Amino acid sequence: MSKKTILSGIQATGNLTLGNYLGAINNWKKMQEEYECNYMIADLHTLTIRNDPEKLRNNTLDLLALYIAAGIDPEKSNIFIQSQVAAHAELAWILNCYTYMGELSRMTQFKDKSTKHADNINSGLFTYPVLMAADILLYQADLVPVGEDQKQHVELTRNIAERFNKIYGDTFKIPEPYIHGVGARVMGLQDPTSKMSKSSTIPNDSIFLNDEPDVILKKFKKAVTDSENIVRYDKEKKPGISNLISIYSAITGESKEEIENKFESKGYGDFKVAVAECVIEELKPLQNKYNELKNNPDYLEKLYINGAERAKKIAKSTLKDVYEKVGLVW
Ligand code: ATP
Ligand code: LTN
């Protein structure tokens, strides 16, 4: 039986967080053995907010280095930069014509981002999920490993694909979101009611993958908790401590009950240090490898050129089929 296909991506909006690592990239690594994996850097999606061009270029290459440092192996997985495969933008246009305004208006990410960037509610922000649908459908992906927040976009992708298939016959594989329970939604350390995010402006809210150990320790020590001082999971009443338990669990593999028992007689101070230490240990090899790769731009360049070539071949065959089906002379 042939392997199932995976496609996923991360925007090049800045330093990756522990949320991106536990919710996405760490699972990608595990999936490489079993699946045919395509991992892209969603640089076109990044344009939906204003970026400094030089920073965007650096962030894109940084992200590529981080993918590799986190264990995505270019021999096993296809790694590429979205904008280098023109078919993504081309298919997105077509799919725009098969997506309704009403559907896009219901997307929570659009609502969130338009509140955050009220001075720049551009149409790219609105049609963002259509480009994401194109990313996924071009590769005929079976599964899309993402964090909880992206589930709605994958569901919209399914709807668009089903609509298209119904009109033109089987064209796209219908993808499924693939969400790992543990680490699927890491919350901010200062605001544990909203997700940890690369672009958060709250100081000490996010752990970045390239944070120094002392910074990580400091951020965890400052994490918002409650006054009970009992390490117990209760997402509603104790969102801060529950988030720390989830992080600890995602990294050590211990269950919530095991963690509660282990820290039964300890206070929050000890627990916070234990969480910080396991995060520091987990990130150490990644950080070393990342620093090595950053000094090797030629290797990174070779890698993205090869990745784009491989991706273009797959994407082109889907796009050709779509163009023919909708009646374009091609
Ligand atoms: P931004 O702040 O720029 O919106 P982000 O940190 O939300 O970025 P994305 O590029 O939107 O990150 O997401 C990349 C991947 O990481 C997605 O699969 C997303 O679901 C996952 N992810 C992002 N934040 C978290 C989080 N806090 N917990 C778990 N998964 C997350
Ligand atoms: N919207 C995603 C990033 C993304 C993506 C994709 C994820 C762009 N294209 C295709 C999975 C599949 C996000 O994480 N914000």
# chains A, B, ... in the order shown; residues from 1 in each chain; ligands from 1
>>> residues_near_ligand(ligand="ligand 2", cutoff="8 Å", atoms="only C-alpha atoms and all ligand atoms", output="list in words")
Leu7, Ser8, Gly9, Ile10, Gln11, Met40, Ile41, Ala42, His45, Tyr128, Pro129, Leu131, Met132, Ala133, Asp135, Ile136, Val144, Pro145, Val146, Gly147, Asp149, Gln150, His153 and Val154 of chain A
>>> select_by_dssp(residues="stretch 136-318 of chain A", states="helix (DSSP H, G or I)", output="ChimeraX atom specification")
/A:136-138,148-168,213-221,239-252,256-262,268-294,297-318
>>> residues_near_ligand(ligand="ligand 1", cutoff="6 Å", atoms="only C-alpha atoms and all ligand atoms", output="number ranges by chain")
A: 10-11, 13, 19-20, 23-24, 146-150, 183-187, 195-199
>>> closest_residue(among="A:His180, A:Arg158, A:Lys313, A:Lys272", to="A:Val224", atoms="only C-alpha atoms")
A:Lys272
>>> residues_around(residues="A:Ile305", least_positions_apart="3", cutoff="9 Å", atoms="only C-alpha atoms", output="list in words")
Phe80, Ile81, Gln84, Leu300, Glu301, Lys302, Ala308, Glu309 and Arg310 of chain A
>>> write_last_selection(atoms="all heavy atoms", output="compact mmCIF listing (two decimals), in the first residue's frame")
# COMPACT_ATOMS: atom_id res chain seq x y z
N PHE A 80 10.07 23.04 1.26
CA PHE A 80 10.17 24.10 0.23
C PHE A 80 9.55 25.41 0.69
O PHE A 80 8.85 25.46 1.70
CB PHE A 80 9.52 23.62 -1.09
CG PHE A 80 8.04 23.34 -0.98
CD1 PHE A 80 7.11 24.31 -1.34
CD2 PHE A 80 7.58 22.11 -0.53
CE1 PHE A 80 5.75 24.06 -1.24
CE2 PHE A 80 6.22 21.85 -0.43
CZ PHE A 80 5.30 22.82 -0.79
N ILE A 81 9.83 26.44 -0.09
CA ILE A 81 9.29 27.77 0.19
C ILE A 81 8.10 28.01 -0.75
O ILE A 81 8.23 27.90 -1.97
CB ILE A 81 10.38 28.85 -0.01
CG1 ILE A 81 11.57 28.57 0.93
CG2 ILE A 81 9.82 30.26 0.19
CD1 ILE A 81 12.78 29.47 0.72
N GLN A 84 8.03 29.97 -4.08
CA GLN A 84 8.87 29.48 -5.18
C GLN A 84 8.15 28.46 -6.05
O GLN A 84 8.68 28.01 -7.05
CB GLN A 84 10.16 28.88 -4.61
CG GLN A 84 11.00 29.95 -3.93
CD GLN A 84 12.33 29.43 -3.43
OE1 GLN A 84 12.62 28.25 -3.50
NE2 GLN A 84 13.15 30.34 -2.92
N LEU A 300 21.63 25.76 2.89
CA LEU A 300 20.20 26.09 2.92
C LEU A 300 19.70 26.41 1.52
O LEU A 300 18.60 26.02 1.13
CB LEU A 300 19.94 27.27 3.87
CG LEU A 300 20.19 26.99 5.36
CD1 LEU A 300 19.95 28.25 6.19
CD2 LEU A 300 19.28 25.87 5.88
N GLU A 301 20.53 27.12 0.75
CA GLU A 301 20.10 27.50 -0.60
C GLU A 301 19.89 26.26 -1.47
O GLU A 301 18.88 26.12 -2.16
CB GLU A 301 21.13 28.43 -1.22
CG GLU A 301 20.66 28.97 -2.57
CD GLU A 301 21.66 29.89 -3.23
OE1 GLU A 301 22.28 30.70 -2.52
OE2 GLU A 301 21.82 29.77 -4.44
N LYS A 302 20.84 25.36 -1.39
CA LYS A 302 20.73 24.12 -2.17
C LYS A 302 19.44 23.38 -1.82
O LYS A 302 18.71 22.89 -2.67
CB LYS A 302 21.93 23.21 -1.86
CG LYS A 302 22.73 22.88 -3.09
CD LYS A 302 23.85 21.92 -2.78
CE LYS A 302 25.20 22.62 -2.99
NZ LYS A 302 26.26 22.18 -2.11
N ALA A 308 11.96 23.07 -4.06
CA ALA A 308 11.01 23.71 -4.98
C ALA A 308 10.85 22.88 -6.24
O ALA A 308 9.74 22.73 -6.78
CB ALA A 308 11.47 25.13 -5.31
N GLU A 309 11.97 22.33 -6.73
CA GLU A 309 11.90 21.50 -7.95
C GLU A 309 10.97 20.31 -7.74
O GLU A 309 10.11 20.02 -8.58
CB GLU A 309 13.29 21.00 -8.35
CG GLU A 309 14.15 22.04 -9.04
CD GLU A 309 13.40 22.80 -10.12
OE1 GLU A 309 12.75 22.16 -10.96
OE2 GLU A 309 13.43 24.06 -10.08
N ARG A 310 11.15 19.65 -6.61
CA ARG A 310 10.31 18.46 -6.33
C ARG A 310 8.86 18.86 -6.19
O ARG A 310 7.94 18.22 -6.70
CB ARG A 310 10.77 17.78 -5.04
CG ARG A 310 11.98 16.89 -5.24
CD ARG A 310 12.64 16.54 -3.94
NE ARG A 310 11.87 15.60 -3.13
CZ ARG A 310 12.24 15.22 -1.90
NH1 ARG A 310 13.33 15.70 -1.35
NH2 ARG A 310 11.49 14.36 -1.22
>>> atom_distance(atom1="atom CA of A:Ser2", atom2="atom CA of A:Gln32")
14.1 Å
>>> closest_residue(among="A:Glu282, A:Asp211, A:Glu258, A:Glu162", to="A:Leu95", atoms="only C-alpha atoms")
A:Glu162
>>> select_by_dssp(residues="stretch 60-205 of chain A", states="strand (DSSP E)", output="MDAnalysis selection string")
chainID A and resid 78:81 143:145 176:178
>>> write_last_selection(atoms="N, CA and C atoms", output="compact mmCIF listing (two decimals), in the first residue's frame")
# COMPACT_ATOMS: atom_id res chain seq x y z
N ASN A 78 9.90 16.49 1.85
CA ASN A 78 10.10 17.56 0.88
C ASN A 78 9.89 18.91 1.57
N ILE A 79 10.95 19.72 1.63
CA ILE A 79 10.86 21.01 2.32
C ILE A 79 11.00 22.10 1.27
N PHE A 80 10.07 23.04 1.26
CA PHE A 80 10.17 24.10 0.23
C PHE A 80 9.55 25.41 0.69
N ILE A 81 9.83 26.44 -0.09
CA ILE A 81 9.29 27.77 0.19
C ILE A 81 8.10 28.01 -0.75
N LEU A 143 -3.59 14.02 4.94
CA LEU A 143 -3.62 14.54 6.32
C LEU A 143 -2.89 15.86 6.40
N VAL A 144 -3.41 16.74 7.29
CA VAL A 144 -2.78 18.04 7.49
C VAL A 144 -2.50 18.21 8.98
N PRO A 145 -1.26 17.97 9.40
CA PRO A 145 -0.95 18.10 10.83
C PRO A 145 -0.83 19.57 11.23
N GLU A 176 -7.83 15.51 5.72
CA GLU A 176 -8.33 15.56 7.11
C GLU A 176 -7.34 16.29 7.99
N PRO A 177 -7.86 17.07 8.95
CA PRO A 177 -6.92 17.68 9.90
C PRO A 177 -6.36 16.58 10.79
N TYR A 178 -5.12 16.72 11.18
CA TYR A 178 -4.49 15.72 12.04
C TYR A 178 -3.96 16.47 13.26
>>> closest_residue(among="A:Asn165, A:Thr201, A:Asn96, A:Thr46", to="A:Lys116", atoms="only C-alpha atoms")
A:Thr201
>>> atom_distance(atom1="atom CA of A:Glu228", atom2="atom CA of A:Gly267")
9.2 Å
